[in-house]
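Here is the structure we will look at, set down as C-alpha cells.
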Amino acid sequence: MGSPRECTRILGLEGFRVDTIEWAGDEPRAALRVRIERRDIRGYECSGCRRRTWRVRDRAERTWADVPWAEHHVTVIYQQRRVACPTCGIRTERVAFADPKARITRRLRQVIGLDCQSMPTSHAAVRHGVSWSKARRAEYAFLAEWDHTRPKRRPRHLGADEIHRGKRQKFYTVLSDLVRGEVIGLAPERTEESLAGLLTTRLDARQRAAVEAVCTDMHRPYLNAVAHVLPAATVVLDKFHVLQHAGAALDDVRRHEFFRAGPVMRRFGRGKRWLLLRRWKTVRGSKRQELHALFAANRRLFKAYVLREELDHLWTYTTRDGVANFLWGWLEALRWQRLPEMEKLGDTLVKHFDGIAAFCDHAVRFGVVESLNMTIKGVIRRGRGMKDETMLLLKLKWATARPIRSSKDLAKFLYLDLHSNR
Ligand SMILES: [Zn+2]
C-alpha cells in the first residue's frame, strides 16, 4: 500500500520512517496499523537523562493511538528499545512523539484535550476512537502540561468566594486572581481552614507579599483566614453580596407587610417576590406598572425598595468620608419608618463599614467577580458531580484564563512543533 516514502511524509513523525502499513480488518472504515522504525539514527535516547547510547538491552513492541487518516483510525507500532544507560541504568528509550507511559501520541492528546473543553469527554472519545478513560487521561495530561508551563503571576487583588456545589458536599471555596480574572485554587467546604490552606499552598511567599486586597463576602471564617494569613492585605467586601443582603431585607419587608395584612392583601402580594428583587433599571413596561401598583398599596414597601436602590451609591465615592456621609444620610432616612428589617440591614452595614469603604482605596473589579462566578458555575454544572478535584480545578483554570483567543493561539495548541523546543 502506497510507497513507504509517501506514507512517512504523511505520518510526519520526526526521526521515524514508515516500515509497513496493514489494515486491521476488511470493513470500509477499518483501522490502519502503521509500523515505524527509526531513521538517521545516532543512538537511542535514555528517557531518564536524554543521553544517547547504543547499548540496547532488549526491545518490546508498543502501540500508540494517533490522529486518523481520513476515516481510518491509526495505531502506530514501534519496537521500543530498553537501553543500558551509564548514569540511569536500564531505561526505556525516549520517543518524542508521546508522553512517557502514554498510550496515545502527543498530537492526538492535544486534539482530544482541546475537544474536551467544548464537549463531554464521552463525545471526544467517540470522535477520536479511544476509550473514555483514555480520553480522560489525555485531557488531564493536556491541561496539566498547559498549567505547568504558565508563568507564576503575582496577583494584586484576590477574590475568595463560596460556590454552591450540591446536596451532599455543599460548598467549594474558590480563590481567584481578580486582576486577570483567573481561578487560582479550589478547596472543599467553606471554613477558615479551606481558605487559609488555599492562600498558603496555592501562593508562595513572594506572591502573598504582592497581595493588596482580598475581595470576599461577610462570611466570618473567610475574614478570619485573610486576617491570619495576609495581615497586610485589606478586605474589600463584595458589592453583590452586600446588595444580596439588602435584597433579603427587602424580601422580609414584603413578607411582613403583605402576609400579616389579611387574605386580600396577601393575594395581592403573592408572586411578586422576583419582581421586587429586580433592580429598577432592569424592570420594563408592564412590569413597572405592576411595581407601581404594589407600591401604591403599601408605602412602606416602597420606602424599603427606594432605600435598597440607593445603596448602589456606597461604591461611588472616592473617600471614606464620602461613604460615611452617605451611609449616615441613609440611616437618617430610615428613622421613624418602622422598618425593623431594614434597620437590621443598617446595623450590618455599619458593622462592616470598613470593608465597604475599603473600595475607595482598592477599586476591586466587582464585574470580574461576577463573571468568574458564572463561568465556574457553568463548568461545575457541565461536570455533573465530577469527583476529581484536581481535574475540576484544571478545567476551571482553563475556562477562566481563556488561553485561546485567536486562531494563532489554537494553532499553538494543535501543532506542538511550532512552539515546543523538543
Ligand atoms: Zn540516562
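Letters A, B, ... go to the chains of the C-alpha cells in the order shown; residues in each chain start at 1; ligands are counted from 1 in the same order.
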
So that I can see what lies close to segment 279-291 of chain A, please list as a ChimeraX atom specification the residues with an atom at most 12 Å from it, counting only C-alpha atoms and leaving out residues fewer than 4 positions away in the same chain. /A:243-244,246-247,250,268-269,271-275,295-299,301-302,305-312

Check the DSSP output for the backbone and give back, as an NGL selection string, the residues of segment 49-295 of chain A in helix (DSSP H, G or I). :A and (106-116 or 121-127 or 132-148 or 192-201 or 205-209 or 220-229 or 239-259 or 262-269 or 273-277 or 280-282 or 286-295)

Test item: residues at most 10 Å from Val211 of chain A, only C-alpha atoms, excluding those fewer than 4 positions along its chain, as a ChimeraX atom specification: /A:154-158,177,206-207,230,232-234

Residues of chain A at most 9 Å from ligand 1: nearest atom pair and distance in Å, only C-alpha atoms and all ligand atoms, as JSON lines:
```
{"residue": "A:Glu45", "atom": "CA", "partner": "ligand 1", "partner_atom_place_in_ligand_line": "1 (Zn)", "distance": 7.9}
{"residue": "A:Cys46", "atom": "CA", "partner": "ligand 1", "partner_atom_place_in_ligand_line": "1 (Zn)", "distance": 4.7}
{"residue": "A:Ser47", "atom": "CA", "partner": "ligand 1", "partner_atom_place_in_ligand_line": "1 (Zn)", "distance": 6.4}
{"residue": "A:Gly48", "atom": "CA", "partner": "ligand 1", "partner_atom_place_in_ligand_line": "1 (Zn)", "distance": 4.5}
{"residue": "A:Cys49", "atom": "CA", "partner": "ligand 1", "partner_atom_place_in_ligand_line": "1 (Zn)", "distance": 4.0}
{"residue": "A:Arg50", "atom": "CA", "partner": "ligand 1", "partner_atom_place_in_ligand_line": "1 (Zn)", "distance": 6.0}
{"residue": "A:Arg51", "atom": "CA", "partner": "ligand 1", "partner_atom_place_in_ligand_line": "1 (Zn)", "distance": 5.8}
{"residue": "A:Arg52", "atom": "CA", "partner": "ligand 1", "partner_atom_place_in_ligand_line": "1 (Zn)", "distance": 8.2}
{"residue": "A:Thr53", "atom": "CA", "partner": "ligand 1", "partner_atom_place_in_ligand_line": "1 (Zn)", "distance": 8.8}
{"residue": "A:Val83", "atom": "CA", "partner": "ligand 1", "partner_atom_place_in_ligand_line": "1 (Zn)", "distance": 8.6}
{"residue": "A:Ala84", "atom": "CA", "partner": "ligand 1", "partner_atom_place_in_ligand_line": "1 (Zn)", "distance": 8.1}
{"residue": "A:Cys85", "atom": "CA", "partner": "ligand 1", "partner_atom_place_in_ligand_line": "1 (Zn)", "distance": 4.8}
{"residue": "A:Pro86", "atom": "CA", "partner": "ligand 1", "partner_atom_place_in_ligand_line": "1 (Zn)", "distance": 6.6}
{"residue": "A:Thr87", "atom": "CA", "partner": "ligand 1", "partner_atom_place_in_ligand_line": "1 (Zn)", "distance": 5.1}
{"residue": "A:Cys88", "atom": "CA", "partner": "ligand 1", "partner_atom_place_in_ligand_line": "1 (Zn)", "distance": 4.2}
{"residue": "A:Gly89", "atom": "CA", "partner": "ligand 1", "partner_atom_place_in_ligand_line": "1 (Zn)", "distance": 6.7}
{"residue": "A:Ile90", "atom": "CA", "partner": "ligand 1", "partner_atom_place_in_ligand_line": "1 (Zn)", "distance": 8.2}
{"residue": "A:Arg91", "atom": "CA", "partner": "ligand 1", "partner_atom_place_in_ligand_line": "1 (Zn)", "distance": 7.0}
```

Deliver the residues from the most recent selection as a file, using N, CA, C and O atoms, as a short mmCIF file (atom, residue, chain, number, x, y, z; two decimals), in the first residue's frame.
```cif
data_model
loop_
_atom_site.label_atom_id
_atom_site.label_comp_id
_atom_site.auth_asym_id
_atom_site.auth_seq_id
_atom_site.Cartn_x
_atom_site.Cartn_y
_atom_site.Cartn_z
N GLU A 45 17.93 7.53 22.76
CA GLU A 45 17.93 8.47 23.87
C GLU A 45 17.43 7.80 25.14
O GLU A 45 16.37 7.16 25.13
N CYS A 46 18.15 7.97 26.24
CA CYS A 46 17.68 7.45 27.53
C CYS A 46 16.54 8.33 28.02
O CYS A 46 16.62 9.56 27.97
N SER A 47 15.46 7.72 28.50
CA SER A 47 14.31 8.53 28.93
C SER A 47 14.57 9.20 30.27
O SER A 47 13.84 10.10 30.67
N GLY A 48 15.61 8.79 30.96
CA GLY A 48 15.92 9.42 32.24
C GLY A 48 16.73 10.69 32.06
O GLY A 48 16.34 11.75 32.55
N CYS A 49 17.86 10.61 31.35
CA CYS A 49 18.75 11.76 31.26
C CYS A 49 18.89 12.30 29.84
O CYS A 49 19.59 13.27 29.62
N ARG A 50 18.23 11.68 28.89
CA ARG A 50 18.23 12.09 27.48
C ARG A 50 19.60 11.98 26.82
O ARG A 50 19.84 12.56 25.77
N ARG A 51 20.52 11.22 27.44
CA ARG A 51 21.80 10.95 26.78
C ARG A 51 21.59 9.86 25.75
O ARG A 51 20.77 8.97 25.93
N ARG A 52 22.35 9.95 24.67
CA ARG A 52 22.23 8.92 23.63
C ARG A 52 23.20 7.79 23.89
O ARG A 52 24.31 8.00 24.35
N THR A 53 22.72 6.58 23.62
CA THR A 53 23.60 5.43 23.78
C THR A 53 23.24 4.37 22.74
O THR A 53 22.13 4.34 22.22
N VAL A 83 17.43 0.66 27.00
CA VAL A 83 18.87 0.89 26.90
C VAL A 83 19.52 0.74 28.27
O VAL A 83 18.87 0.93 29.30
N ALA A 84 20.81 0.40 28.25
CA ALA A 84 21.59 0.35 29.49
C ALA A 84 22.35 1.66 29.58
O ALA A 84 23.44 1.81 29.02
N CYS A 85 21.75 2.64 30.26
CA CYS A 85 22.35 3.97 30.33
C CYS A 85 23.45 3.97 31.38
O CYS A 85 23.27 3.43 32.47
N PRO A 86 24.61 4.57 31.07
CA PRO A 86 25.72 4.60 32.03
C PRO A 86 25.33 5.29 33.34
O PRO A 86 25.84 4.94 34.40
N THR A 87 24.44 6.29 33.29
CA THR A 87 24.08 7.01 34.52
C THR A 87 22.80 6.47 35.17
O THR A 87 22.74 6.37 36.39
N CYS A 88 21.79 6.15 34.36
CA CYS A 88 20.49 5.79 34.95
C CYS A 88 20.28 4.29 35.11
O CYS A 88 19.35 3.89 35.79
N GLY A 89 21.09 3.49 34.45
CA GLY A 89 20.82 2.05 34.48
C GLY A 89 19.89 1.68 33.35
O GLY A 89 19.86 2.34 32.31
N ILE A 90 19.08 0.65 33.56
CA ILE A 90 18.19 0.18 32.50
C ILE A 90 16.99 1.13 32.39
O ILE A 90 16.26 1.32 33.36
N ARG A 91 16.82 1.70 31.22
CA ARG A 91 15.70 2.61 30.99
C ARG A 91 15.11 2.37 29.61
O ARG A 91 15.81 1.89 28.72
#
```

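All residues of protein, DNA or RNA that reach within 7 Å of segment 385-401 of chain A, judged by only C-alpha atoms and not counting those fewer than 2 positions away in the chain, are Tyr140, Leu143, Gly181, Glu182, Val183, Ile184, Gly185, Leu186, Leu372, Thr375, Ile376, Val379, Gly383 and Pro403 of chain A.
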
Output for the residues just chosen: C-alpha atoms as a tab-separated table (two decimals), in the first residue's frame:
```tsv
chain	number	residue	atom	x	y	z
A	140	TYR	CA	-5.72	15.57	32.10
A	143	LEU	CA	-4.39	20.56	30.86
A	181	GLY	CA	-9.91	37.08	36.10
A	182	GLU	CA	-8.48	33.59	36.65
A	183	VAL	CA	-9.13	30.85	39.14
A	184	ILE	CA	-6.09	30.03	41.30
A	185	GLY	CA	-7.30	27.32	43.65
A	186	LEU	CA	-10.21	25.22	44.81
A	372	LEU	CA	-15.92	34.41	37.26
A	375	THR	CA	-18.04	30.64	34.43
A	376	ILE	CA	-17.31	28.49	37.48
A	379	VAL	CA	-18.11	24.30	34.45
A	383	GLY	CA	-19.06	18.41	35.12
A	403	PRO	CA	-5.91	30.73	26.68
```

When DSSP is applied to the backbone of this structure, which of segment 86-226 of chain A are assigned strand (DSSP E or B)? Write them out as a PyMOL selection string. chain A and resi 89-93+98+104-105+157-164+171-177+182-188+213-216

Shortest contact to Leu175 of chain A, candidates A:Asp204, A:Tyr222, A:Ala135, A:Thr75, atoms counted only C-alpha atoms, goes to A:Tyr222

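Between atom CA of Glu37 of chain A and atom CA of Phe16 of chain A the separation is 5.5 Å.
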
Neighbour list for segment 100-106 of chain A as a compact mmCIF listing (two decimals) with C-alpha atoms, in the first residue's frame, cut-off 9 Å, only C-alpha atoms, skip fewer than 3 positions in-chain:
```txt
# COMPACT_ATOMS: atom_id res chain seq x y z
CA SER A 47 14.31 8.53 28.93
CA ARG A 62 4.45 -0.93 21.81
CA THR A 63 1.46 0.78 20.27
CA TRP A 64 0.09 4.31 20.36
CA ALA A 65 -3.20 5.65 19.03
CA ASP A 66 -2.55 8.53 16.63
CA VAL A 67 -4.64 11.10 14.73
CA THR A 75 -2.30 2.75 15.52
CA VAL A 76 1.41 3.38 15.44
CA ARG A 94 12.63 8.16 24.84
CA VAL A 95 10.16 8.67 22.00
CA ALA A 96 9.46 12.34 21.35
CA PHE A 97 6.01 11.86 19.85
CA ARG A 109 -3.59 14.13 23.12
CA GLN A 110 -3.72 17.80 22.12
CA VAL A 111 -6.73 17.29 19.86
CA LYS A 134 -8.02 7.15 27.53
CA ARG A 137 -6.25 10.75 30.76
CA ALA A 138 -5.40 12.65 27.58
CA PHE A 142 -3.13 18.20 28.15
CA LEU A 416 3.11 21.49 19.04
```

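Among the candidates A:Met218, A:Ala261, A:Leu198, A:Leu331, the residue lying nearest to His241 of chain A is A:Met218 (atoms considered: only C-alpha atoms).
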
Distance query Val235 of chain A at most 9 Å, only C-alpha atoms, self and fewer than 5 positions along chain excluded, as a list of chain:residue names: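 The contact residues come out as A:Glu212, A:Ala213, A:Val214, A:Cys215, A:Thr216, A:Leu223, A:Val226, A:Ala227, A:Asp354, A:Gly355, A:Ile356, A:Ala358, A:Phe359.
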
With all heavy atoms retained, could you export that selection as a CSV table (one decimal), in the first residue's frame?
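Final output, result_15.csv:
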```csv
chain,number,residue,atom,x,y,z
A,212,GLU,N,-2.6,43.1,47.7
A,212,GLU,CA,-3.0,44.3,48.4
A,212,GLU,C,-4.4,44.2,49.0
A,212,GLU,O,-4.7,44.8,50.0
A,212,GLU,CB,-3.0,45.5,47.4
A,212,GLU,CG,-1.6,45.9,46.9
A,212,GLU,CD,-1.6,46.8,45.8
A,212,GLU,OE1,-2.7,47.4,45.5
A,212,GLU,OE2,-0.6,47.0,45.1
A,213,ALA,N,-5.3,43.6,48.3
A,213,ALA,CA,-6.7,43.5,48.7
A,213,ALA,C,-7.3,42.1,48.4
A,213,ALA,O,-6.9,41.5,47.4
A,213,ALA,CB,-7.5,44.6,48.1
A,214,VAL,N,-8.2,41.7,49.3
A,214,VAL,CA,-8.9,40.5,49.1
A,214,VAL,C,-10.4,40.8,49.1
A,214,VAL,O,-10.9,41.4,50.0
A,214,VAL,CB,-8.6,39.4,50.2
A,214,VAL,CG1,-9.3,38.1,49.9
A,214,VAL,CG2,-7.1,39.2,50.3
A,215,CYS,N,-11.1,40.4,48.0
A,215,CYS,CA,-12.5,40.7,47.9
A,215,CYS,C,-13.3,39.4,48.3
A,215,CYS,O,-13.0,38.3,47.8
A,215,CYS,CB,-12.8,41.0,46.5
A,215,CYS,SG,-14.6,41.3,46.2
A,216,THR,N,-14.1,39.6,49.3
A,216,THR,CA,-14.9,38.4,49.8
A,216,THR,C,-16.2,38.9,50.4
A,216,THR,O,-16.5,40.1,50.3
A,216,THR,CB,-14.1,37.7,50.9
A,216,THR,OG1,-14.9,36.7,51.5
A,216,THR,CG2,-13.6,38.7,52.0
A,223,LEU,N,-13.1,36.0,56.6
A,223,LEU,CA,-12.4,37.2,57.1
A,223,LEU,C,-11.3,36.8,58.1
A,223,LEU,O,-10.2,37.4,58.0
A,223,LEU,CB,-13.5,38.0,57.9
A,223,LEU,CG,-14.6,38.5,57.0
A,223,LEU,CD1,-15.6,39.3,57.8
A,223,LEU,CD2,-14.1,39.4,55.8
A,226,VAL,N,-8.2,35.5,56.1
A,226,VAL,CA,-7.4,36.6,55.5
A,226,VAL,C,-6.6,37.3,56.5
A,226,VAL,O,-5.4,37.6,56.3
A,226,VAL,CB,-8.4,37.6,54.7
A,226,VAL,CG1,-7.6,38.8,54.2
A,226,VAL,CG2,-9.1,36.9,53.6
A,227,ALA,N,-7.3,37.7,57.6
A,227,ALA,CA,-6.6,38.4,58.7
A,227,ALA,C,-5.4,37.6,59.2
A,227,ALA,O,-4.3,38.1,59.6
A,227,ALA,CB,-7.5,38.7,59.9
A,354,ASP,N,-15.9,49.3,57.3
A,354,ASP,CA,-14.5,49.3,56.9
A,354,ASP,C,-14.4,48.5,55.5
A,354,ASP,O,-13.7,49.0,54.6
A,354,ASP,CB,-13.6,48.7,57.9
A,354,ASP,CG,-13.2,49.7,59.0
A,354,ASP,OD1,-13.2,50.9,58.6
A,354,ASP,OD2,-12.9,49.3,60.1
A,355,GLY,N,-15.0,47.4,55.5
A,355,GLY,CA,-14.9,46.5,54.3
A,355,GLY,C,-15.6,47.2,53.1
A,355,GLY,O,-15.2,47.0,52.0
A,356,ILE,N,-16.7,47.9,53.4
A,356,ILE,CA,-17.4,48.6,52.3
A,356,ILE,C,-16.6,49.8,51.8
A,356,ILE,O,-16.3,49.9,50.6
A,356,ILE,CB,-18.8,49.0,52.7
A,356,ILE,CG1,-19.6,47.8,53.0
A,356,ILE,CG2,-19.4,49.9,51.6
A,356,ILE,CD1,-20.9,48.1,53.7
A,358,ALA,N,-13.5,50.3,52.0
A,358,ALA,CA,-12.1,49.9,51.5
A,358,ALA,C,-12.1,50.0,50.0
A,358,ALA,O,-11.0,50.1,49.4
A,358,ALA,CB,-11.8,48.5,52.0
A,359,PHE,N,-13.3,50.0,49.4
A,359,PHE,CA,-13.3,50.1,47.9
A,359,PHE,C,-12.7,51.4,47.4
A,359,PHE,O,-12.2,51.5,46.3
A,359,PHE,CB,-14.8,50.0,47.5
A,359,PHE,CG,-14.9,50.0,46.0
A,359,PHE,CD1,-14.5,49.0,45.2
A,359,PHE,CD2,-15.5,51.1,45.4
A,359,PHE,CE1,-14.6,49.0,43.8
A,359,PHE,CE2,-15.6,51.2,44.0
A,359,PHE,CZ,-15.2,50.1,43.2
```

Considering only C-alpha atoms, state which residue in the set A:Arg55, A:Trp328, A:Arg382, A:Pro68 is at the smallest distance from Pro120 of chain A.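 Closest to Pro120 of chain A of all the choices is A:Arg382.
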
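Nearest to Gln337 of chain A of all the residues A:Arg9, A:Arg300, A:His313, A:His352 is A:Arg300, counting only C-alpha atoms.
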